[in-house]
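Peer 1: One structure follows; several queries about it will come next.
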Amino acid sequence: MRAIVVAMECEADAVRPHLAPSDKLYISGVGKVNAAAATQKAISEGAQEILNVGVAGGFADKAAIFGVYEIARAVEYDFDLSEINGMGKGVHDERNTPYFALSVKGVFPSRTLGTGDRFGDGEGDLPLLKSLDVGVRDMEGAAIAHVCEKAAVPVRALKCITNIVGRGSTGSYAANLEKALSCLSDALTSWM
């Protein structure tokens with residue numbers, strides 16, 4: 001079985017027309033814990049591949065609004081054990097890299113995804129995200145990749161950009177969500 005994990009019902013609506021009979025759709029809810037729980041449930045129910053599909057923010061120099069990107073690697077940028085283990089932000093204990101690897105199909109340009117449990121117009125995270133070479137930011141993808149790595153289950157992710165990260169993100173997200181979901185659904189024809 002192939003499992004498709006999305007955060008929101010509107011993302012599920014974009015995915016449903018592309019599901020194969022053997023696919024199973026999981027709507028996790030927003031955030032890393034929700035996404036990790038849904039991914040683990042999918043794996044426990046027999047998923048042999050996980051697909052994460054959704055909308056996300058992008059960085060002006062690496063992504064365009066309504067652009068569609070495959071995720072080659074993902075980092076939980078808000079994870080920080082640096083005071084304990086001396087490693088950089090995003091590096092989990094007993095690892096030497098902050099990145100979780102994802103498979104790419106090569107249909108769309110690939111980017112690094114930064115995942116954190118916050119959304120907003122603030123710019124405080126921008127220097128860290130740039131240092132991690134993040135081009136796309138969401139609230140679920142790296143947690144999904146983390147669970148898949150632990151379970152040795154292949155994972156792919158596809159994101160469509162609703163907003164440019166930084167000031168004005170919240171308004172742009174709301175204004176662009178419907179069109180981004182349409183672009184995402186169109187992209188799934190060649191990606192799934």
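FYI, nothing fancy with the structure tokens labels: chains A, B, ... in order, residues from 1 per chain, ligands from 1 as they appear.
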Can you write out as a Markdown table which residues of segment 96-191 of chain A fall within 7 Å of segment 59-73 of chain A, alongside each residue's closest atom pair and its distance in Å to one decimal, counting only C-alpha atoms and ordering rows by chain and ascending residue number?
Peer 2:
| residue | atom | partner | partner_atom | distance |
| --- | --- | --- | --- | --- |
| A:Tyr99 | CA | A:Arg73 | CA | 5.8 |
| A:Phe100 | CA | A:Arg73 | CA | 5.4 |
| A:Ala101 | CA | A:Arg73 | CA | 4.5 |
| A:Leu102 | CA | A:Ala72 | CA | 5.1 |
| A:Ser103 | CA | A:Ala72 | CA | 6.3 |
| A:Val104 | CA | A:Ala72 | CA | 6.0 |
| A:Phe108 | CA | A:Tyr69 | CA | 5.5 |
| A:Pro109 | CA | A:Tyr69 | CA | 5.3 |
| A:Ser110 | CA | A:Glu70 | CA | 4.5 |
| A:Arg111 | CA | A:Ile71 | CA | 5.1 |
| A:Thr112 | CA | A:Arg73 | CA | 5.1 |
| A:Leu113 | CA | A:Ile71 | CA | 6.2 |
| A:Gly135 | CA | A:Lys62 | CA | 5.1 |
| A:Val136 | CA | A:Phe59 | CA | 6.4 |
| A:Ala157 | CA | A:Ile71 | CA | 5.4 |
| A:Leu158 | CA | A:Glu70 | CA | 4.6 |
| A:Lys159 | CA | A:Tyr69 | CA | 5.4 |
| A:Cys160 | CA | A:Val68 | CA | 4.4 |
| A:Ile161 | CA | A:Ile65 | CA | 4.9 |
| A:Thr162 | CA | A:Ile65 | CA | 5.5 |
| A:Asn163 | CA | A:Ile65 | CA | 5.8 |
| A:Ile164 | CA | A:Phe59 | CA | 5.4 |
| A:Val165 | CA | A:Phe59 | CA | 5.6 |
| A:Ala180 | CA | A:Phe66 | CA | 5.3 |
| A:Cys183 | CA | A:Phe66 | CA | 6.6 |
| A:Leu184 | CA | A:Val68 | CA | 6.8 |
Peer 1: Please save C-alpha atoms of the selected residues as a CSV table (one decimal), in the first residue's frame.
Peer 2:
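And here is the file that came out, part-v8.csv:
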chain,number,residue,atom,x,y,z
A,99,TYR,CA,19.0,16.4,7.0
A,100,PHE,CA,16.6,13.5,6.4
A,101,ALA,CA,16.9,12.3,2.8
A,102,LEU,CA,13.8,11.9,0.6
A,103,SER,CA,13.5,10.2,-2.8
A,104,VAL,CA,12.8,12.4,-5.8
A,108,PHE,CA,10.0,19.0,-10.7
A,109,PRO,CA,12.9,21.0,-9.4
A,110,SER,CA,14.1,19.9,-5.9
A,111,ARG,CA,14.7,21.9,-2.8
A,112,THR,CA,15.6,21.5,0.8
A,113,LEU,CA,12.6,21.7,3.2
A,135,GLY,CA,14.2,26.8,0.0
A,136,VAL,CA,10.8,25.6,1.2
A,157,ALA,CA,7.3,15.0,-0.9
A,158,LEU,CA,5.8,17.5,-3.3
A,159,LYS,CA,5.0,21.1,-2.2
A,160,CYS,CA,3.4,24.1,-4.0
A,161,ILE,CA,4.3,27.6,-2.8
A,162,THR,CA,1.6,29.8,-1.4
A,163,ASN,CA,3.8,32.6,0.1
A,164,ILE,CA,7.3,34.0,0.3
A,165,VAL,CA,8.6,33.5,3.8
A,180,ALA,CA,-1.8,26.9,-5.1
A,183,CYS,CA,-1.5,24.0,-9.2
A,184,LEU,CA,-0.6,21.2,-6.8
Peer 1: Tell me, as a PyMOL selection string, which residues lie within 10 Å of Asp186 of chain A, counting only C-alpha atoms; anything in the same chain fewer than 3 positions away does not count.
Peer 2: chain A and resi 14-15+18+68+180-183+189-191
Peer 1: Using only C-alpha atoms, please write the residues we just selected to a file, as a compact mmCIF listing (two decimals), in the first residue's frame.
Peer 2:
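Full text of result08.txt as output:
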# COMPACT_ATOMS: atom_id res chain seq x y z
CA ALA A 14 -6.35 18.23 -4.24
CA VAL A 15 -5.05 14.65 -3.88
CA HIS A 18 -5.18 11.16 -8.26
CA VAL A 68 5.90 23.17 -7.46
CA ALA A 180 -1.78 26.90 -5.09
CA LEU A 181 -3.99 23.89 -4.36
CA SER A 182 -5.12 23.88 -8.00
CA CYS A 183 -1.48 24.01 -9.18
CA THR A 189 -0.90 14.03 -12.55
CA SER A 190 2.76 13.52 -13.49
CA TRP A 191 4.19 13.00 -9.99
Peer 1: So, with only C-alpha atoms as the atoms that count, which of A:Pro17, A:Gly46, A:Gly141, A:Pro98 lies closest to Val5 of chain A?
Peer 2: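 The answer is A:Gly141, which sits nearest to Val5 of chain A.
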Peer 1: Give me the residues near Ala37 of chain A as a list in words, where near means some atom within 9 Å (using only C-alpha atoms) and where sequence neighbours in that chain fewer than 5 positions away do not count.
Peer 2: Ser28, Lys32, Ala42, Ile144 and Val147 of chain A
Peer 1: Next, write the just-selected residues to a file, as a PDB file, in the first residue's frame, keeping C-alpha atoms as the atom set.
Peer 2:
ATOM      1  CA  SER A  28      -2.838  14.328   9.867  1.00  0.00           C
ATOM      2  CA  LYS A  32       5.084  17.862  13.375  1.00  0.00           C
ATOM      3  CA  ALA A  42       0.272   4.468   7.923  1.00  0.00           C
ATOM      4  CA  ILE A 144       7.317  12.616   8.129  1.00  0.00           C
ATOM      5  CA  VAL A 147       9.598   8.675  10.905  1.00  0.00           C
TER       6      VAL A 147
END
Peer 1: If I take atom CA of Asp133 of chain A and atom CA of Leu51 of chain A, how far is one from the other in Å, to one decimal?
Peer 2: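 Those two atoms sit 22.4 Å apart.
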Peer 1: Skip Gln48 of chain A itself and residues of its chain fewer than 6 positions away, then list as JSON, numbers by chain all residues within 7 Å of it, counting only C-alpha atoms.
Peer 2: {"A": [1, 2, 153]}
